[in-house]
$ cat upload04.tsv   # TSV, C-alpha atoms
chain	number	residue	atom	x	y	z
O	376	SER	CA	-119.60	124.53	-178.56
O	377	SER	CA	-117.47	121.59	-177.55
O	378	ARG	CA	-119.36	121.53	-174.25
O	379	THR	CA	-122.63	120.43	-175.87
O	380	ASN	CA	-123.19	117.81	-178.53
O	381	GLU	CA	-126.26	117.03	-180.63
O	382	ALA	CA	-127.39	114.26	-178.25
O	383	GLY	CA	-127.32	116.71	-175.34
O	384	ALA	CA	-129.25	119.32	-177.32
O	385	GLN	CA	-131.89	116.74	-178.26
O	386	ARG	CA	-132.26	115.65	-174.65
O	387	LEU	CA	-132.74	119.24	-173.50
O	388	GLU	CA	-135.23	119.82	-176.32
O	389	GLY	CA	-137.21	116.76	-175.21
O	390	PHE	CA	-137.34	118.15	-171.67
O	391	LEU	CA	-138.38	121.68	-172.70
O	392	ASP	CA	-140.82	120.88	-175.51
O	393	PRO	CA	-143.69	119.56	-173.33
O	394	MET	CA	-143.56	122.82	-171.35
O	395	GLY	CA	-143.86	124.88	-174.53
O	396	TYR	CA	-140.29	126.17	-174.55
O	397	PRO	CA	-138.54	125.95	-177.90
O	398	LEU	CA	-134.85	125.14	-178.11
O	399	GLU	CA	-132.76	127.19	-180.47
O	400	ARG	CA	-129.32	125.96	-181.37
O	401	VAL	CA	-126.92	128.89	-181.56
O	402	PRO	CA	-123.62	128.29	-183.34
O	403	LEU	CA	-120.79	129.84	-181.38
O	404	SER	CA	-117.48	131.24	-182.50
O	405	GLU	CA	-114.34	129.22	-181.93
O	406	GLY	CA	-113.13	129.70	-178.37
O	407	ALA	CA	-116.56	130.09	-176.79
O	408	LEU	CA	-117.13	127.57	-174.01
O	409	HIS	CA	-120.90	128.08	-174.04
O	410	LEU	CA	-123.43	130.82	-174.70
O	411	GLY	CA	-123.33	132.12	-171.12
O	412	SER	CA	-119.57	132.53	-171.22
O	413	ILE	CA	-119.77	135.09	-174.03
O	414	SER	CA	-123.08	136.85	-173.40
O	415	SER	CA	-125.69	137.50	-170.76
O	416	SER	CA	-129.02	139.06	-170.01
O	417	PRO	CA	-128.39	141.25	-166.96
O	418	SER	CA	-132.02	142.39	-166.88
O	419	GLN	CA	-135.26	141.55	-168.60
O	420	GLY	CA	-135.25	142.68	-172.20
O	421	LEU	CA	-131.49	143.31	-172.36
O	422	PHE	CA	-128.84	141.11	-173.96
O	423	ILE	CA	-125.15	141.99	-174.00
O	424	THR	CA	-122.73	140.27	-176.34
O	425	PRO	CA	-119.37	140.88	-178.02
O	426	GLU	CA	-119.12	141.81	-181.67
O	427	GLY	CA	-118.67	138.86	-184.01
O	428	TRP	CA	-119.19	136.02	-181.54
O	429	LEU	CA	-122.83	135.20	-182.36
O	430	PRO	CA	-124.55	134.92	-185.74
O	431	MET	CA	-126.17	138.17	-186.89
O	432	GLU	CA	-129.43	136.25	-187.48
O	433	THR	CA	-129.62	135.40	-183.77
O	434	LEU	CA	-129.13	139.02	-182.76
O	435	GLU	CA	-131.69	140.21	-185.32
O	436	ARG	CA	-134.23	137.67	-184.02
O	437	LEU	CA	-133.75	138.92	-180.46
O	438	ASP	CA	-134.17	142.50	-181.62
O	439	ALA	CA	-137.36	141.58	-183.49
O	440	GLU	CA	-138.71	140.06	-180.28
O	441	GLY	CA	-138.21	143.36	-178.45
O	442	VAL	CA	-134.93	142.52	-176.74
O	443	GLU	CA	-132.39	145.34	-176.69
O	444	VAL	CA	-129.17	143.85	-178.03
O	445	VAL	CA	-126.03	145.65	-176.88
O	446	VAL	CA	-122.94	144.76	-178.85
O	447	VAL	CA	-119.59	145.68	-177.31
O	448	PRO	CA	-116.09	145.36	-178.80
O	449	SER	CA	-114.96	141.78	-179.34
O	450	GLU	CA	-112.00	142.17	-176.98
O	451	GLU	CA	-114.46	142.66	-174.09
O	452	VAL	CA	-115.97	139.16	-174.52
O	453	TYR	CA	-115.09	138.12	-170.95
O	454	GLY	CA	-116.89	141.17	-169.55
O	455	CYS	CA	-120.14	140.15	-171.27
O	456	ASN	CA	-120.59	137.41	-168.68
O	457	THR	CA	-122.56	139.44	-166.11
O	458	LEU	CA	-124.75	138.43	-163.20
O	459	ALA	CA	-127.76	140.30	-161.82
O	460	VAL	CA	-128.03	140.22	-158.04
O	461	GLY	CA	-131.07	142.10	-156.79
O	462	PRO	CA	-130.96	145.61	-158.22
O	463	SER	CA	-127.25	145.39	-159.05
O	464	VAL	CA	-125.24	143.74	-161.79
O	465	LEU	CA	-121.92	142.07	-161.04
O	466	VAL	CA	-119.38	142.70	-163.79
O	467	ALA	CA	-115.77	141.71	-164.23
O	468	ASP	CA	-113.56	144.74	-163.66
O	469	GLY	CA	-111.59	146.04	-166.62
O	470	TYR	CA	-114.23	145.99	-169.35
O	471	PRO	CA	-115.21	149.65	-169.78
O	472	SER	CA	-117.62	149.21	-172.70
O	473	VAL	CA	-119.63	146.61	-170.81
O	474	ALA	CA	-119.69	148.73	-167.65
O	475	GLN	CA	-120.69	151.86	-169.55
O	476	ALA	CA	-123.44	150.06	-171.46
O	477	LEU	CA	-124.97	148.92	-168.19
O	478	LEU	CA	-124.60	152.32	-166.54
O	479	ASP	CA	-126.19	153.99	-169.58
O	480	ARG	CA	-129.23	151.76	-169.08
O	481	GLY	CA	-129.62	152.67	-165.43
O	482	HIS	CA	-128.00	149.64	-163.83
O	483	ASP	CA	-126.03	149.83	-160.61
O	484	ILE	CA	-122.86	147.87	-161.30
O	485	LEU	CA	-120.51	146.14	-158.92
O	486	PRO	CA	-117.13	145.56	-160.62
O	487	LEU	CA	-115.23	142.54	-159.32
O	488	GLN	CA	-111.60	141.58	-159.80
O	489	MET	CA	-111.79	138.28	-161.69
O	490	SER	CA	-108.20	137.69	-162.83
O	491	GLU	CA	-107.60	134.62	-160.65
O	492	ILE	CA	-110.92	133.05	-161.63
O	493	ARG	CA	-110.35	133.87	-165.30
O	494	ALA	CA	-106.94	132.19	-165.15
O	495	VAL	CA	-108.74	128.83	-164.73
O	496	ASP	CA	-111.43	129.55	-167.38
O	497	GLY	CA	-113.98	130.62	-164.77
O	498	SER	CA	-116.38	133.54	-164.82
O	499	LEU	CA	-119.14	135.11	-162.74
O	500	THR	CA	-121.82	132.66	-163.80
O	501	CYS	CA	-119.47	129.69	-163.33
O	502	MET	CA	-119.39	130.51	-159.63
O	503	SER	CA	-123.14	130.97	-159.27
O	504	VAL	CA	-126.16	128.93	-158.33
O	505	PHE	CA	-129.33	129.99	-160.14
O	506	TYR	CA	-132.75	129.40	-158.59
$ encode --input "upload04.tsv" --output "structure tokens"
Amino acid sequence: SSRTNEAGAQRLEGFLDPMGYPLERVPLSEGALHLGSISSSPSQGLFITPEGWLPMETLERLDAEGVEVVVVPSEEVYGCNTLAVGPSVLVADGYPSVAQALLDRGHDILPLQMSEIRAVDGSLTCMSVFY
């Protein structure tokens, strides 16, 4: 996306390569700030993403690696930015396909009102510290 350029990708690749982690460049649809803003992995082996925002080859590769890929309607793109906290998954309120997909897979969800954060291009993972 416009948030990462080739020089940044190469630098990250140089950091990850010695540890044995490959870097895969994923082309994003117009309007995507970054991969985490349009998709997430709320639990191990699960990836949720909106229809049409990622290349089909990327989704097929994940599926071939044993990752369950859940594709929800494109208009629920904002809801695909989820955040696991302990046994629960935080989700933006108002995205029923995302919520139902998580419930169907046994997740306890905690819907949060995100309208004020969304108004300034923020999301759940934007407000989080990962460790």
$ closest_residue --input "upload04.tsv" --among "O:Glu440, O:Glu405, O:Glu388, O:Glu432" --to "Gly420 of chain O" --atoms "only C-alpha atoms"
O:Glu440
$ closest_residue --input "upload04.tsv" --among "O:Ser449, O:Ser415, O:His409, O:Ser404" --to "Leu429 of chain O" --atoms "all atoms listed in the file"
O:Ser404
$ closest_residue --input "upload04.tsv" --among "O:Val401, O:Leu487, O:Ala459, O:Leu391" --to "Ser418 of chain O" --atoms "only C-alpha atoms"
O:Ala459
$ residues_around --input "upload04.tsv" --residues "Arg400 of chain O" --least-positions-apart "3" --cutoff "12 Å" --atoms "only C-alpha atoms" --output "number ranges by chain"
O: 376, 379-381, 383-385, 387-388, 397, 403, 409-410, 429-430, 432-433
$ atom_distance --input "upload04.tsv" --atom1 "atom CA of Met502 of chain O" --atom2 "atom CA of Ser490 of chain O"
13.7 Å
$ closest_residue --input "upload04.tsv" --among "O:Ala476, O:Tyr453, O:Gly389, O:Tyr470" --to "Ile492 of chain O" --atoms "all atoms listed in the file"
O:Tyr453
$ residues_near_point --input "upload04.tsv" --point "(-117.1, 137.6, -179.8)" --cutoff "8 Å" --atoms "only C-alpha atoms" --output "PyMOL selection string"
chain O and resi 404+413+424-429+448-450+452
$ write_last_selection --input "upload04.tsv" --atoms "C-alpha atoms" --output "PDB file, keeping the file's coordinate frame"
ATOM      1  CA  SER O 404    -117.480 131.240-182.500  1.00  0.00           C
ATOM      2  CA  ILE O 413    -119.770 135.090-174.030  1.00  0.00           C
ATOM      3  CA  THR O 424    -122.730 140.270-176.340  1.00  0.00           C
ATOM      4  CA  PRO O 425    -119.370 140.880-178.020  1.00  0.00           C
ATOM      5  CA  GLU O 426    -119.120 141.810-181.670  1.00  0.00           C
ATOM      6  CA  GLY O 427    -118.670 138.860-184.010  1.00  0.00           C
ATOM      7  CA  TRP O 428    -119.190 136.020-181.540  1.00  0.00           C
ATOM      8  CA  LEU O 429    -122.830 135.200-182.360  1.00  0.00           C
ATOM      9  CA  PRO O 448    -116.090 145.360-178.800  1.00  0.00           C
ATOM     10  CA  SER O 449    -114.960 141.780-179.340  1.00  0.00           C
ATOM     11  CA  GLU O 450    -112.000 142.170-176.980  1.00  0.00           C
ATOM     12  CA  VAL O 452    -115.970 139.160-174.520  1.00  0.00           C
TER      13      VAL O 452
END
$ decode --input "upload04.tsv" --residues "segment 455-498 of chain O" --atoms "N, CA and C atoms" --output "compact mmCIF listing (two decimals), in the first residue's frame"
# COMPACT_ATOMS: atom_id res chain seq x y z
N CYS O 455 -13.20 -6.70 9.50
CA CYS O 455 -12.19 -7.77 9.41
C CYS O 455 -10.95 -7.47 10.25
N ASN O 456 -10.82 -6.27 10.73
CA ASN O 456 -9.73 -5.92 11.62
C ASN O 456 -10.17 -6.30 13.03
N THR O 457 -9.79 -7.50 13.46
CA THR O 457 -10.17 -8.02 14.78
C THR O 457 -8.94 -8.13 15.66
N LEU O 458 -9.17 -8.35 16.95
CA LEU O 458 -8.06 -8.45 17.88
C LEU O 458 -8.38 -9.47 18.96
N ALA O 459 -7.57 -10.52 19.03
CA ALA O 459 -7.75 -11.54 20.06
C ALA O 459 -7.17 -11.02 21.37
N VAL O 460 -7.95 -11.18 22.43
CA VAL O 460 -7.52 -10.81 23.77
C VAL O 460 -7.91 -11.98 24.67
N GLY O 461 -6.92 -12.77 25.05
CA GLY O 461 -7.21 -13.97 25.82
C GLY O 461 -8.12 -14.86 25.01
N PRO O 462 -9.19 -15.36 25.64
CA PRO O 462 -10.09 -16.27 24.92
C PRO O 462 -11.12 -15.54 24.05
N SER O 463 -11.13 -14.23 24.10
CA SER O 463 -12.14 -13.45 23.37
C SER O 463 -11.54 -12.75 22.16
N VAL O 464 -12.43 -12.34 21.27
CA VAL O 464 -12.01 -11.57 20.10
C VAL O 464 -12.78 -10.26 20.09
N LEU O 465 -12.05 -9.16 20.08
CA LEU O 465 -12.66 -7.85 19.96
C LEU O 465 -13.02 -7.64 18.50
N VAL O 466 -14.24 -7.16 18.25
CA VAL O 466 -14.69 -6.89 16.89
C VAL O 466 -15.41 -5.55 16.88
N ALA O 467 -15.30 -4.85 15.78
CA ALA O 467 -16.06 -3.61 15.63
C ALA O 467 -17.53 -3.97 15.52
N ASP O 468 -18.36 -3.27 16.23
CA ASP O 468 -19.80 -3.51 16.20
C ASP O 468 -20.36 -3.09 14.85
N GLY O 469 -21.35 -3.82 14.37
CA GLY O 469 -22.03 -3.44 13.14
C GLY O 469 -21.60 -4.21 11.91
N TYR O 470 -20.87 -5.30 12.09
CA TYR O 470 -20.41 -6.11 10.98
C TYR O 470 -20.87 -7.55 11.21
N PRO O 471 -22.13 -7.82 10.89
CA PRO O 471 -22.75 -9.10 11.27
C PRO O 471 -22.10 -10.33 10.65
N SER O 472 -21.59 -10.24 9.44
CA SER O 472 -20.96 -11.42 8.83
C SER O 472 -19.67 -11.78 9.55
N VAL O 473 -18.91 -10.78 9.93
CA VAL O 473 -17.67 -11.02 10.67
C VAL O 473 -18.01 -11.64 12.02
N ALA O 474 -18.94 -11.04 12.73
CA ALA O 474 -19.33 -11.55 14.06
C ALA O 474 -19.83 -12.98 13.96
N GLN O 475 -20.69 -13.25 12.99
CA GLN O 475 -21.25 -14.60 12.85
C GLN O 475 -20.17 -15.62 12.49
N ALA O 476 -19.24 -15.24 11.63
CA ALA O 476 -18.16 -16.15 11.26
C ALA O 476 -17.34 -16.54 12.48
N LEU O 477 -17.09 -15.60 13.36
CA LEU O 477 -16.32 -15.90 14.57
C LEU O 477 -17.13 -16.74 15.54
N LEU O 478 -18.41 -16.40 15.70
CA LEU O 478 -19.27 -17.19 16.58
C LEU O 478 -19.40 -18.62 16.07
N ASP O 479 -19.53 -18.79 14.77
CA ASP O 479 -19.66 -20.12 14.17
C ASP O 479 -18.42 -20.98 14.42
N ARG O 480 -17.30 -20.34 14.67
CA ARG O 480 -16.06 -21.07 14.91
C ARG O 480 -15.72 -21.14 16.39
N GLY O 481 -16.70 -20.86 17.22
CA GLY O 481 -16.55 -21.04 18.66
C GLY O 481 -15.89 -19.91 19.43
N HIS O 482 -15.72 -18.77 18.79
CA HIS O 482 -15.09 -17.64 19.48
C HIS O 482 -16.10 -16.87 20.32
N ASP O 483 -15.65 -16.38 21.44
CA ASP O 483 -16.42 -15.45 22.26
C ASP O 483 -16.06 -14.07 21.73
N ILE O 484 -17.06 -13.32 21.27
CA ILE O 484 -16.75 -12.01 20.70
C ILE O 484 -17.19 -10.89 21.63
N LEU O 485 -16.45 -9.82 21.58
CA LEU O 485 -16.77 -8.61 22.33
C LEU O 485 -16.90 -7.47 21.33
N PRO O 486 -18.13 -7.14 20.91
CA PRO O 486 -18.32 -6.05 19.95
C PRO O 486 -18.07 -4.69 20.62
N LEU O 487 -17.35 -3.84 19.92
CA LEU O 487 -17.04 -2.51 20.43
C LEU O 487 -17.51 -1.45 19.44
N GLN O 488 -18.05 -0.37 19.95
CA GLN O 488 -18.45 0.77 19.13
C GLN O 488 -17.17 1.48 18.68
N MET O 489 -16.93 1.54 17.39
CA MET O 489 -15.68 2.09 16.86
C MET O 489 -15.89 3.31 15.97
N SER O 490 -17.08 3.89 15.94
CA SER O 490 -17.37 4.96 14.98
C SER O 490 -16.44 6.17 15.14
N GLU O 491 -16.13 6.55 16.35
CA GLU O 491 -15.27 7.72 16.56
C GLU O 491 -13.83 7.42 16.13
N ILE O 492 -13.38 6.21 16.41
CA ILE O 492 -12.02 5.82 16.01
C ILE O 492 -11.95 5.67 14.49
N ARG O 493 -12.99 5.09 13.91
CA ARG O 493 -13.02 4.92 12.46
C ARG O 493 -13.02 6.27 11.74
N ALA O 494 -13.62 7.26 12.34
CA ALA O 494 -13.71 8.58 11.71
C ALA O 494 -12.33 9.19 11.45
N VAL O 495 -11.31 8.73 12.18
CA VAL O 495 -9.95 9.23 11.98
C VAL O 495 -9.04 8.13 11.43
N ASP O 496 -9.63 7.20 10.67
CA ASP O 496 -8.91 6.09 10.02
C ASP O 496 -8.25 5.14 11.01
N GLY O 497 -8.78 5.04 12.21
CA GLY O 497 -8.24 4.10 13.19
C GLY O 497 -9.05 2.82 13.25
N SER O 498 -8.46 1.81 13.85
CA SER O 498 -9.14 0.53 14.02
C SER O 498 -8.64 -0.14 15.29
